[in-house]
>>> print(open('query_21.cif').read())   # mmCIF, C-alpha atoms
data_my_file
#
loop_
_atom_site.label_atom_id
_atom_site.label_comp_id
_atom_site.auth_asym_id
_atom_site.auth_seq_id
_atom_site.Cartn_x
_atom_site.Cartn_y
_atom_site.Cartn_z
CA MET A 1 32.41 -25.87 59.41
CA THR A 2 31.47 -24.10 62.62
CA GLY A 3 28.33 -22.04 62.60
CA LEU A 4 27.62 -18.78 64.37
CA ARG A 5 24.17 -17.42 65.17
CA TYR A 6 22.99 -14.42 63.25
CA VAL A 7 20.08 -12.69 65.03
CA TYR A 8 17.56 -10.74 62.94
CA ALA A 9 14.97 -9.69 65.41
CA VAL A 10 13.27 -10.34 68.70
CA CYS A 11 9.52 -10.67 68.80
CA ARG A 12 6.63 -12.17 70.70
CA PRO A 13 5.39 -15.63 69.73
CA PHE A 14 3.33 -15.55 66.54
CA ARG A 15 0.81 -17.99 65.15
CA SER A 16 1.29 -17.85 61.43
CA ALA A 17 4.16 -19.77 59.96
CA LEU A 18 6.93 -18.01 58.11
CA GLN A 19 7.14 -18.74 54.38
CA ALA A 20 8.58 -22.23 54.02
CA GLN A 21 11.13 -21.25 51.40
CA LEU A 22 12.42 -18.26 53.36
CA SER A 23 16.17 -18.16 53.44
CA GLY A 24 18.26 -15.80 55.47
CA VAL A 25 21.72 -14.31 55.38
CA ALA A 26 24.15 -16.91 53.98
CA GLY A 27 21.23 -18.98 52.70
CA ALA A 28 20.21 -20.92 55.82
CA PRO A 29 16.52 -20.83 56.78
CA PRO A 30 15.75 -18.71 59.85
CA LYS A 31 14.50 -20.51 62.93
CA GLN A 32 12.91 -19.40 66.16
CA LEU A 33 14.66 -19.57 69.47
CA THR A 34 12.24 -19.19 72.36
CA HIS A 35 13.37 -17.83 75.69
CA HIS A 36 10.99 -16.84 78.51
CA GLY A 37 8.16 -16.28 76.08
CA LEU A 38 10.19 -14.11 73.70
CA ILE A 39 11.46 -15.27 70.36
CA ALA A 40 14.78 -14.55 68.74
CA VAL A 41 14.78 -15.19 65.01
CA VAL A 42 18.17 -16.58 64.13
CA SER A 43 19.97 -18.45 61.41
CA THR A 44 23.29 -20.21 61.21
CA VAL A 45 26.07 -18.39 59.39
CA PRO A 46 29.58 -19.67 58.63
CA GLU A 47 32.31 -18.56 60.98
CA ALA A 48 34.59 -18.08 58.00
CA ASP A 49 32.47 -15.10 56.92
CA PHE A 50 30.93 -13.83 60.13
CA ALA A 51 33.65 -13.99 62.73
CA GLU A 52 34.88 -10.53 63.66
CA GLU A 53 37.82 -10.31 61.27
CA PRO A 54 36.21 -11.55 58.05
CA LEU A 55 33.05 -9.60 58.84
CA ARG A 56 35.00 -6.39 59.18
CA ALA A 57 36.52 -6.97 55.78
CA HIS A 58 33.20 -7.99 54.23
CA LEU A 59 31.43 -4.88 55.43
CA GLU A 60 33.63 -2.81 53.15
CA ASP A 61 32.69 -4.92 50.17
CA LEU A 62 29.69 -3.25 48.58
CA ASP A 63 28.41 -6.41 46.87
CA TRP A 64 28.65 -8.43 50.05
CA LEU A 65 27.03 -5.69 52.09
CA THR A 66 24.21 -5.39 49.57
CA ALA A 67 23.49 -9.11 49.54
CA THR A 68 23.60 -9.33 53.33
CA ALA A 69 21.43 -6.26 53.86
CA ARG A 70 18.84 -7.56 51.38
CA ALA A 71 18.78 -11.01 52.98
CA HIS A 72 18.39 -9.44 56.42
CA GLN A 73 15.57 -7.27 55.16
CA THR A 74 13.83 -10.25 53.51
CA VAL A 75 13.61 -11.99 56.88
CA ILE A 76 12.44 -8.84 58.67
CA ASP A 77 9.86 -8.29 55.94
CA ALA A 78 8.51 -11.83 56.36
CA LEU A 79 8.30 -11.26 60.11
CA THR A 80 6.54 -7.93 59.62
CA ALA A 81 3.82 -9.77 57.72
CA VAL A 82 2.98 -11.94 60.73
CA THR A 83 3.99 -9.95 63.80
CA THR A 84 5.69 -6.74 65.00
CA PRO A 85 9.38 -7.58 65.10
CA LEU A 86 11.98 -5.59 66.99
CA PRO A 87 14.76 -5.54 64.39
CA LEU A 88 18.39 -5.80 65.45
CA ARG A 89 21.27 -3.95 63.88
CA LEU A 90 22.74 -5.58 60.78
CA ALA A 91 25.29 -8.28 61.52
CA THR A 92 24.47 -9.03 65.14
CA VAL A 93 26.23 -12.34 65.63
CA PHE A 94 26.63 -14.71 68.58
CA ARG A 95 28.76 -17.78 69.08
CA ASP A 96 25.87 -20.14 69.70
CA ASP A 97 22.28 -20.46 70.88
CA SER A 98 23.25 -20.16 74.49
CA GLY A 99 24.94 -16.83 73.75
CA VAL A 100 21.68 -15.61 72.25
CA ARG A 101 19.74 -16.83 75.28
CA THR A 102 22.08 -15.12 77.69
CA MET A 103 21.63 -11.85 75.81
CA MET A 104 17.84 -12.26 75.83
CA GLU A 105 17.88 -12.99 79.52
CA ALA A 106 19.93 -9.88 80.21
CA ARG A 107 17.79 -7.58 78.07
CA GLU A 108 14.43 -9.22 78.62
CA GLU A 109 12.77 -6.21 80.26
CA ASP A 110 14.02 -3.82 77.60
CA PHE A 111 12.79 -6.11 74.84
CA ARG A 112 9.35 -6.37 76.40
CA ARG A 113 9.04 -2.66 76.96
CA VAL A 114 10.02 -1.71 73.40
CA LEU A 115 7.95 -4.51 71.88
CA ASP A 116 4.94 -3.18 73.77
CA ARG A 117 5.69 0.30 72.52
CA LEU A 118 6.00 -0.79 68.89
CA GLU A 119 3.18 -3.32 68.81
CA GLY A 120 1.00 -2.81 65.75
CA ARG A 121 3.14 0.04 64.41
CA VAL A 122 5.12 0.33 61.22
CA GLU A 123 7.65 2.80 59.94
CA TRP A 124 7.21 4.90 56.79
CA GLY A 125 10.06 6.69 55.10
CA VAL A 126 9.53 10.05 53.42
CA LYS A 127 12.16 11.85 51.38
CA VAL A 128 11.96 15.24 49.74
CA TYR A 129 14.24 16.23 46.86
CA ALA A 130 14.91 19.53 45.19
CA GLU A 131 15.02 18.78 41.49
CA THR A 132 18.15 20.52 40.34
CA GLU A 133 17.85 20.17 36.59
CA PRO A 134 17.10 23.37 34.66
CA THR A 135 13.54 24.46 35.28
CA GLU A 136 12.85 26.11 31.94
CA ALA A 137 12.46 23.43 29.33
CA GLY A 138 14.47 23.85 26.18
CA LYS A 139 17.13 26.05 27.72
CA PRO A 140 20.65 24.89 27.05
CA THR A 141 22.24 23.41 30.16
CA GLU A 142 25.59 25.07 29.69
CA PRO A 143 25.78 28.73 28.91
CA ALA A 144 27.22 29.68 25.56
CA LYS A 145 30.67 31.15 25.59
CA PRO A 146 30.93 34.91 25.50
CA THR A 147 32.18 35.69 22.04
CA GLY A 148 31.05 39.18 21.33
CA LEU A 149 28.64 41.93 22.06
CA THR A 150 24.97 41.48 21.30
CA GLU A 151 21.78 42.88 22.66
CA PRO A 152 20.44 41.06 25.72
CA ALA A 153 17.93 38.42 24.70
CA GLU A 154 14.29 38.94 25.50
CA ALA A 155 13.06 36.83 28.34
CA GLY A 156 11.65 33.53 27.16
CA ARG A 157 13.22 33.83 23.71
CA PRO A 158 15.89 31.41 22.57
CA GLU A 159 19.27 32.95 23.19
CA PRO A 160 21.48 33.82 20.27
CA LYS A 161 24.78 31.97 20.12
CA ALA A 162 27.04 34.91 20.76
CA VAL A 163 26.52 36.76 24.00
CA SER A 164 28.48 39.39 25.83
CA GLY A 165 30.51 38.59 28.90
CA ARG A 166 27.99 40.48 30.94
CA ASP A 167 25.12 38.43 29.56
CA TYR A 168 27.07 35.28 30.18
CA LEU A 169 27.62 36.21 33.79
CA ARG A 170 24.05 37.28 34.21
CA ARG A 171 22.81 34.00 32.85
CA ARG A 172 25.12 32.08 35.14
CA ARG A 173 23.80 34.06 38.06
CA MET A 174 20.22 33.39 37.05
CA GLN A 175 20.87 29.68 36.81
CA THR A 176 22.51 29.63 40.21
CA ARG A 177 19.69 31.68 41.63
CA ALA A 178 17.08 29.37 40.09
CA ARG A 179 18.79 26.39 41.65
CA GLU A 180 19.01 28.10 45.04
CA ASP A 181 15.41 29.11 44.72
CA VAL A 182 14.31 25.52 44.14
CA TRP A 183 16.43 24.43 47.07
CA HIS A 184 14.92 27.05 49.37
CA ARG A 185 11.42 26.19 48.29
CA ALA A 186 12.13 22.49 48.77
CA ALA A 187 13.55 23.10 52.24
CA ALA A 188 10.52 25.17 53.25
CA PHE A 189 8.20 22.59 51.73
CA ALA A 190 10.03 19.81 53.58
CA GLY A 191 9.70 21.69 56.86
CA ARG A 192 5.97 22.08 56.45
CA LEU A 193 5.52 18.49 55.34
CA HIS A 194 7.57 17.17 58.24
CA GLU A 195 5.52 19.21 60.68
CA LYS A 196 2.29 17.87 59.22
CA LEU A 197 3.45 14.26 59.11
CA SER A 198 5.00 14.24 62.56
CA SER A 199 1.84 15.59 64.10
CA PHE A 200 -0.05 12.72 62.46
CA ALA A 201 2.53 10.08 63.34
CA GLU A 202 3.25 8.85 66.85
CA ASP A 203 6.94 9.51 66.52
CA SER A 204 9.44 10.66 63.93
CA ARG A 205 13.16 10.54 63.26
CA LEU A 206 15.31 12.53 60.90
CA HIS A 207 17.97 10.60 59.05
CA ALA A 208 20.87 12.41 57.46
CA PRO A 209 20.04 13.51 53.91
CA GLN A 210 21.28 10.97 51.42
CA ASN A 211 24.36 11.50 49.35
CA SER A 212 23.25 11.72 45.74
CA ALA A 213 26.36 9.88 44.55
CA LEU A 214 25.41 6.94 46.73
CA SER A 215 21.66 6.96 46.16
CA ARG A 216 21.97 7.84 42.47
CA ALA A 217 18.65 9.58 42.91
CA PRO A 218 18.27 12.74 40.85
CA GLY A 219 18.02 16.00 42.71
CA GLN A 220 19.22 17.03 46.12
CA ASN A 221 17.83 15.26 49.15
CA VAL A 222 16.59 17.86 51.64
CA LEU A 223 14.47 15.66 53.93
CA ASN A 224 15.04 12.03 54.87
CA ALA A 225 12.61 11.20 57.64
CA ALA A 226 11.00 8.17 59.25
CA TYR A 227 7.57 8.14 60.86
CA LEU A 228 6.11 5.64 63.31
CA VAL A 229 2.49 5.03 62.39
CA PRO A 230 -0.08 2.52 63.67
CA ARG A 231 -0.73 -0.05 60.98
CA ALA A 232 -4.40 0.89 61.08
CA ASP A 233 -3.63 4.53 60.24
CA SER A 234 -1.17 3.75 57.47
CA GLU A 235 -3.60 4.23 54.62
CA GLU A 236 -4.41 7.70 55.86
CA PHE A 237 -0.73 8.49 56.27
CA VAL A 238 0.01 7.41 52.70
CA GLU A 239 -2.82 9.60 51.43
CA LEU A 240 -1.43 12.53 53.37
CA VAL A 241 1.92 12.09 51.63
CA ASP A 242 0.27 11.57 48.24
CA ARG A 243 -1.66 14.79 48.54
CA ALA A 244 1.50 16.70 49.39
CA LYS A 245 3.06 15.49 46.14
CA ASP A 246 0.50 17.28 44.06
CA ASP A 247 1.34 20.95 44.18
CA ALA A 248 5.09 21.07 44.42
CA PRO A 249 6.78 21.95 41.14
CA GLY A 250 10.51 21.28 41.16
CA ILE A 251 10.12 19.20 44.31
CA ARG A 252 9.90 15.42 44.48
CA VAL A 253 8.45 13.44 47.37
CA GLU A 254 9.26 9.76 47.80
CA LEU A 255 7.55 7.35 50.14
CA THR A 256 9.00 4.00 51.25
CA GLY A 257 7.50 1.38 53.49
CA PRO A 258 5.95 -0.05 55.43
CA TRP A 259 9.16 -0.93 57.23
CA ALA A 260 9.68 -2.66 60.54
CA ALA A 261 10.31 0.07 63.09
CA TYR A 262 14.09 0.15 62.57
CA SER A 263 14.38 3.86 63.29
CA PHE A 264 12.42 3.67 66.52
CA THR A 265 14.39 1.23 68.57
CA GLY A 266 16.22 4.10 70.26
CA GLU A 267 14.14 3.76 73.42
CA PHE A 268 15.92 0.52 73.93
CA ALA A 269 18.55 1.11 76.60
CA GLN A 270 21.87 1.02 74.84
CA GLU A 271 25.15 2.81 74.69
CA GLU A 272 24.11 5.86 72.74
CA PRO A 273 26.51 6.86 70.01
CA GLU A 274 28.25 10.04 71.05
CA VAL A 275 27.64 11.88 67.82
CA GLY A 276 24.17 12.13 66.28
CA SER A 277 24.08 11.05 62.68
CA MET B 1 -2.19 -2.37 52.96
CA THR B 2 -2.25 -0.16 49.92
CA ALA B 3 0.47 -0.95 47.47
CA VAL B 4 3.28 1.51 47.46
CA GLU B 5 5.49 0.89 44.44
CA ARG B 6 6.74 -2.64 44.84
CA ARG B 7 10.03 -1.92 43.14
CA GLU B 8 13.23 -3.01 44.75
CA ILE B 9 14.15 -1.12 47.88
CA ALA B 10 17.05 1.25 47.32
CA LEU B 11 20.22 0.17 49.05
CA VAL B 12 20.68 3.56 50.74
CA ASP B 13 17.22 3.40 52.28
CA LEU B 14 18.04 -0.04 53.56
CA LEU B 15 21.39 1.02 54.96
CA ASP B 16 19.88 4.07 56.66
CA ARG B 17 17.90 1.59 58.69
CA LEU B 18 20.08 -1.48 58.96
CA LEU B 19 23.28 0.37 59.81
CA ALA B 20 21.88 3.31 61.76
CA GLY B 21 18.69 1.78 63.16
CA GLY B 22 17.79 -1.44 64.85
CA VAL B 23 18.63 -2.53 68.34
CA VAL B 24 22.30 -2.68 69.17
CA VAL B 25 23.06 -5.43 71.63
CA THR B 26 26.56 -5.65 72.88
CA GLY B 27 28.14 -7.68 75.60
CA ASP B 28 30.92 -10.12 76.20
CA ILE B 29 29.15 -12.80 74.27
CA THR B 30 28.55 -10.88 71.09
CA LEU B 31 31.44 -10.47 68.76
CA ARG B 32 31.13 -6.72 69.21
CA ILE B 33 30.79 -6.05 65.54
CA ALA B 34 27.54 -4.17 65.51
CA ASP B 35 29.58 -1.19 66.51
CA VAL B 36 28.35 2.21 65.46
CA ASP B 37 31.84 3.56 64.91
CA LEU B 38 32.69 0.71 62.65
CA VAL B 39 29.52 1.31 60.73
CA ARG B 40 30.40 4.97 60.26
CA ILE B 41 33.80 4.10 58.93
CA ASP B 42 32.33 1.56 56.56
CA LEU B 43 29.73 3.98 55.29
CA ASN B 44 32.42 6.51 54.56
CA ALA B 45 34.42 3.86 52.76
CA LEU B 46 31.31 2.92 50.89
CA ILE B 47 30.57 6.46 49.80
CA SER B 48 34.11 7.05 48.64
CA SER B 49 34.19 3.74 46.80
CA VAL B 50 31.03 4.69 44.98
CA ASN B 51 32.44 8.13 44.24
CA GLU B 52 35.42 6.54 42.57
CA GLN B 53 33.21 4.49 40.31
CA VAL B 54 30.63 7.08 39.47
CA PRO B 55 31.57 10.64 38.63
CA SER B 56 29.53 12.96 40.80
CA PRO B 57 26.78 14.72 38.89
CA TRP B 58 27.47 17.83 41.00
CA GLY B 59 31.10 18.30 40.18
CA GLU B 60 31.27 21.80 41.56
CA LEU B 61 29.96 20.72 44.95
CA THR B 62 32.55 18.08 45.69
#
>>> encode(input="query_21.cif", output="structure tokens")
Amino acid sequence: MTGLRYVYAVCRPFRSALQAQLSGVAGAPPKQLTHHGLIAVVSTVPEADFAEEPLRAHLEDLDWLTATARAHQTVIDALTAVTTPLPLRLATVFRDDSGVRTMMEAREEDFRRVLDRLEGRVEWGVKVYAETEPTEAGKPTEPAKPTGLTEPAEAGRPEPKAVSGRDYLRRRRMQTRAREDVWHRAAAFAGRLHEKLSSFAEDSRLHAPQNSALSRAPGQNVLNAAYLVPRADSEEFVELVDRAKDDAPGIRVELTGPWAAYSFTGEFAQEEPEVGS
Amino acid sequence: MTAVERREIALVDLLDRLLAGGVVVTGDITLRIADVDLVRIDLNALISSVNEQVPSPWGELT
């Protein structure tokens, strides 16, 4: 079977060995391809899966995409432990080693410039969610049906079963308002947090908020940001995020990382996508 | 480095980076598959495929 070359990252030569049992996309161990003092980390992948046509089809297969993305990340992670890799977009595939070399030759200056820029830096991901579940514990999630006229319930007291249409509507409004209120507070909180974190970090990027159906994370994602931070300052950055978590009822803050600087390769000269994501 | 939760990385976090980040190298030699447009289309397909499997918790928003 013919093999293609899958390229994970470009980096400078590193001393430490990669884990011996490391396996990449499609199971083959990654190897280093040196060209003019730069290293491309590549592995062989079967043409049957990674040629243009089958790859296009595979990318729409969630299981395949998941396995490939995780394998790619495993290699990048291993590289991050020993050097500062410049990660390539998922599924960057060449016909053979000489194709990889030609690409490295053509982009050599860009690679060096961005590698210099990213040296010793990592990326941290910070997400803020508005928790959208009912805020008052013990309150029924769905309003009772209006069945008759009763006196409005006292605030904080359990509601009687039968409520008037007006009470029903009022309660619906209050629930909607409570949800909007949490959302507004979360958005304001996220704005302040982002300001604080981006002034600490060297650079930042905003990703599109995540779709809750896809992430399956509870709540509504109002901030999905990435921050470029020197490795040496990472502990301080993490503490900054941890402290922000403390006084934010109804708001959840999630930290991921350290990542290779995936979100900060934009300085690399490339055809910019026409629409921002 | 301090240990952030070492649980498995969420797929969406991974895809935010692997499909929207990372260096895009194109040229005659590459198979031209790391295409942003393609990635967009696939992400949309992905989201709708997930939506079919999992009822949205925010029914009124969809």
>>> resolve_selection(input="query_21.cif", expression="the PyMOL selection byres ((chain A and resi 12-24) around 10)", output="number ranges by chain")
A: 6, 8, 10-11, 25-32, 34, 37-40, 42-45, 68, 70-76, 78-79, 81-86, 111-112, 115-116, 119
>>> write_last_selection(input="query_21.cif", atoms="C-alpha atoms", output="compact mmCIF listing (two decimals), in the coordinates of the input")
# COMPACT_ATOMS: atom_id res chain seq x y z
CA TYR A 6 22.99 -14.42 63.25
CA TYR A 8 17.56 -10.74 62.94
CA VAL A 10 13.27 -10.34 68.70
CA CYS A 11 9.52 -10.67 68.80
CA VAL A 25 21.72 -14.31 55.38
CA ALA A 26 24.15 -16.91 53.98
CA GLY A 27 21.23 -18.98 52.70
CA ALA A 28 20.21 -20.92 55.82
CA PRO A 29 16.52 -20.83 56.78
CA PRO A 30 15.75 -18.71 59.85
CA LYS A 31 14.50 -20.51 62.93
CA GLN A 32 12.91 -19.40 66.16
CA THR A 34 12.24 -19.19 72.36
CA GLY A 37 8.16 -16.28 76.08
CA LEU A 38 10.19 -14.11 73.70
CA ILE A 39 11.46 -15.27 70.36
CA ALA A 40 14.78 -14.55 68.74
CA VAL A 42 18.17 -16.58 64.13
CA SER A 43 19.97 -18.45 61.41
CA THR A 44 23.29 -20.21 61.21
CA VAL A 45 26.07 -18.39 59.39
CA THR A 68 23.60 -9.33 53.33
CA ARG A 70 18.84 -7.56 51.38
CA ALA A 71 18.78 -11.01 52.98
CA HIS A 72 18.39 -9.44 56.42
CA GLN A 73 15.57 -7.27 55.16
CA THR A 74 13.83 -10.25 53.51
CA VAL A 75 13.61 -11.99 56.88
CA ILE A 76 12.44 -8.84 58.67
CA ALA A 78 8.51 -11.83 56.36
CA LEU A 79 8.30 -11.26 60.11
CA ALA A 81 3.82 -9.77 57.72
CA VAL A 82 2.98 -11.94 60.73
CA THR A 83 3.99 -9.95 63.80
CA THR A 84 5.69 -6.74 65.00
CA PRO A 85 9.38 -7.58 65.10
CA LEU A 86 11.98 -5.59 66.99
CA PHE A 111 12.79 -6.11 74.84
CA ARG A 112 9.35 -6.37 76.40
CA LEU A 115 7.95 -4.51 71.88
CA ASP A 116 4.94 -3.18 73.77
CA GLU A 119 3.18 -3.32 68.81
>>> interface_residues(input="query_21.cif", of="chain A", to="chain B", cutoff="7 Å", atoms="only C-alpha atoms", output="ChimeraX atom specification")
/A:52,59-60,62,66,87-94,99,213-215,235,262-263,265,268,270,273
>>> write_last_selection(input="query_21.cif", atoms="C-alpha atoms", output="compact mmCIF listing (two decimals), in the coordinates of the input")
# COMPACT_ATOMS: atom_id res chain seq x y z
CA GLU A 52 34.88 -10.53 63.66
CA LEU A 59 31.43 -4.88 55.43
CA GLU A 60 33.63 -2.81 53.15
CA LEU A 62 29.69 -3.25 48.58
CA THR A 66 24.21 -5.39 49.57
CA PRO A 87 14.76 -5.54 64.39
CA LEU A 88 18.39 -5.80 65.45
CA ARG A 89 21.27 -3.95 63.88
CA LEU A 90 22.74 -5.58 60.78
CA ALA A 91 25.29 -8.28 61.52
CA THR A 92 24.47 -9.03 65.14
CA VAL A 93 26.23 -12.34 65.63
CA PHE A 94 26.63 -14.71 68.58
CA GLY A 99 24.94 -16.83 73.75
CA ALA A 213 26.36 9.88 44.55
CA LEU A 214 25.41 6.94 46.73
CA SER A 215 21.66 6.96 46.16
CA GLU A 235 -3.60 4.23 54.62
CA TYR A 262 14.09 0.15 62.57
CA SER A 263 14.38 3.86 63.29
CA THR A 265 14.39 1.23 68.57
CA PHE A 268 15.92 0.52 73.93
CA GLN A 270 21.87 1.02 74.84
CA PRO A 273 26.51 6.86 70.01
>>> closest_residue(input="query_21.cif", among="A:Ala225, A:Ala57, A:Ala130, A:Ala48", to="Ala188 in chain A", atoms="all atoms listed in the file")
A:Ala130
>>> resolve_selection(input="query_21.cif", expression="the PyMOL selection byres ((chain A and resi 193-208) around 7)", output="mmCIF file with C-alpha atoms, keeping the file's coordinate frame")
data_model
loop_
_atom_site.group_PDB
_atom_site.id
_atom_site.type_symbol
_atom_site.label_atom_id
_atom_site.label_comp_id
_atom_site.auth_asym_id
_atom_site.auth_seq_id
_atom_site.Cartn_x
_atom_site.Cartn_y
_atom_site.Cartn_z
ATOM 1 C CA PHE A 189 8.200 22.590 51.730
ATOM 2 C CA ALA A 190 10.030 19.810 53.580
ATOM 3 C CA GLY A 191 9.700 21.690 56.860
ATOM 4 C CA ARG A 192 5.970 22.080 56.450
ATOM 5 C CA PRO A 209 20.040 13.510 53.910
ATOM 6 C CA GLN A 210 21.280 10.970 51.420
ATOM 7 C CA ASN A 224 15.040 12.030 54.870
ATOM 8 C CA ALA A 225 12.610 11.200 57.640
ATOM 9 C CA ALA A 226 11.000 8.170 59.250
ATOM 10 C CA TYR A 227 7.570 8.140 60.860
ATOM 11 C CA LEU A 228 6.110 5.640 63.310
ATOM 12 C CA VAL A 229 2.490 5.030 62.390
ATOM 13 C CA SER A 263 14.380 3.860 63.290
ATOM 14 C CA SER A 277 24.080 11.050 62.680
#
>>> resolve_selection(input="query_21.cif", expression="the PyMOL selection byres ((chain A and resi 219) around 7)", output="PyMOL selection string")
chain A and resi 129-132+217-218+220-221
>>> write_last_selection(input="query_21.cif", atoms="C-alpha atoms", output="PDB file, keeping the file's coordinate frame")
ATOM      1  CA  TYR A 129      14.240  16.230  46.860  1.00  0.00           C
ATOM      2  CA  ALA A 130      14.910  19.530  45.190  1.00  0.00           C
ATOM      3  CA  GLU A 131      15.020  18.780  41.490  1.00  0.00           C
ATOM      4  CA  THR A 132      18.150  20.520  40.340  1.00  0.00           C
ATOM      5  CA  ALA A 217      18.650   9.580  42.910  1.00  0.00           C
ATOM      6  CA  PRO A 218      18.270  12.740  40.850  1.00  0.00           C
ATOM      7  CA  GLN A 220      19.220  17.030  46.120  1.00  0.00           C
ATOM      8  CA  ASN A 221      17.830  15.260  49.150  1.00  0.00           C
TER       9      ASN A 221
END
>>> atom_distance(input="query_21.cif", atom1="CA of Ala187 in chain A", atom2="CA of Val222 in chain A")
6.1 Å
>>> atom_distance(input="query_21.cif", atom1="CA of Glu180 in chain A", atom2="CA of Leu240 in chain A")
27.0 Å
>>> atom_distance(input="query_21.cif", atom1="CA of Asp97 in chain A", atom2="CA of Asp49 in chain A")
18.1 Å
>>> closest_residue(input="query_21.cif", among="A:Ser164, A:Arg101, A:Pro258, A:Arg231", to="Leu118 in chain A", atoms="all atoms listed in the file")
A:Arg231
>>> closest_residue(input="query_21.cif", among="A:Leu55, A:Met174, A:Val7, A:Ala232", to="Met104 in chain A", atoms="all atoms listed in the file")
A:Val7
>>> build_atoms(input="query_21.cif", residues="range 223-234 of chain A", atoms="N, CA and C atoms", output="compact mmCIF listing (two decimals), in the frame of the given file")
# COMPACT_ATOMS: atom_id res chain seq x y z
N LEU A 223 15.10 16.27 52.76
CA LEU A 223 14.47 15.66 53.93
C LEU A 223 14.55 14.15 53.78
N ASN A 224 14.98 13.49 54.86
CA ASN A 224 15.04 12.03 54.87
C ASN A 224 14.53 11.62 56.25
N ALA A 225 13.23 11.39 56.33
CA ALA A 225 12.61 11.20 57.64
C ALA A 225 11.91 9.85 57.75
N ALA A 226 11.74 9.39 58.97
CA ALA A 226 11.00 8.17 59.25
C ALA A 226 9.88 8.48 60.23
N TYR A 227 8.74 7.87 60.01
CA TYR A 227 7.57 8.14 60.86
C TYR A 227 7.01 6.83 61.40
N LEU A 228 6.70 6.82 62.67
CA LEU A 228 6.11 5.64 63.31
C LEU A 228 4.60 5.81 63.29
N VAL A 229 3.92 4.87 62.61
CA VAL A 229 2.49 5.03 62.39
C VAL A 229 1.79 3.70 62.73
N PRO A 230 0.68 3.77 63.46
CA PRO A 230 -0.08 2.52 63.67
C PRO A 230 -0.49 1.93 62.32
N ARG A 231 -0.36 0.64 62.22
CA ARG A 231 -0.73 -0.05 60.98
C ARG A 231 -2.09 0.41 60.48
N ALA A 232 -3.02 0.55 61.43
CA ALA A 232 -4.40 0.89 61.08
C ALA A 232 -4.52 2.28 60.47
N ASP A 233 -3.57 3.16 60.76
CA ASP A 233 -3.63 4.53 60.24
C ASP A 233 -2.76 4.72 59.00
N SER A 234 -2.16 3.63 58.54
CA SER A 234 -1.17 3.75 57.47
C SER A 234 -1.78 4.27 56.17
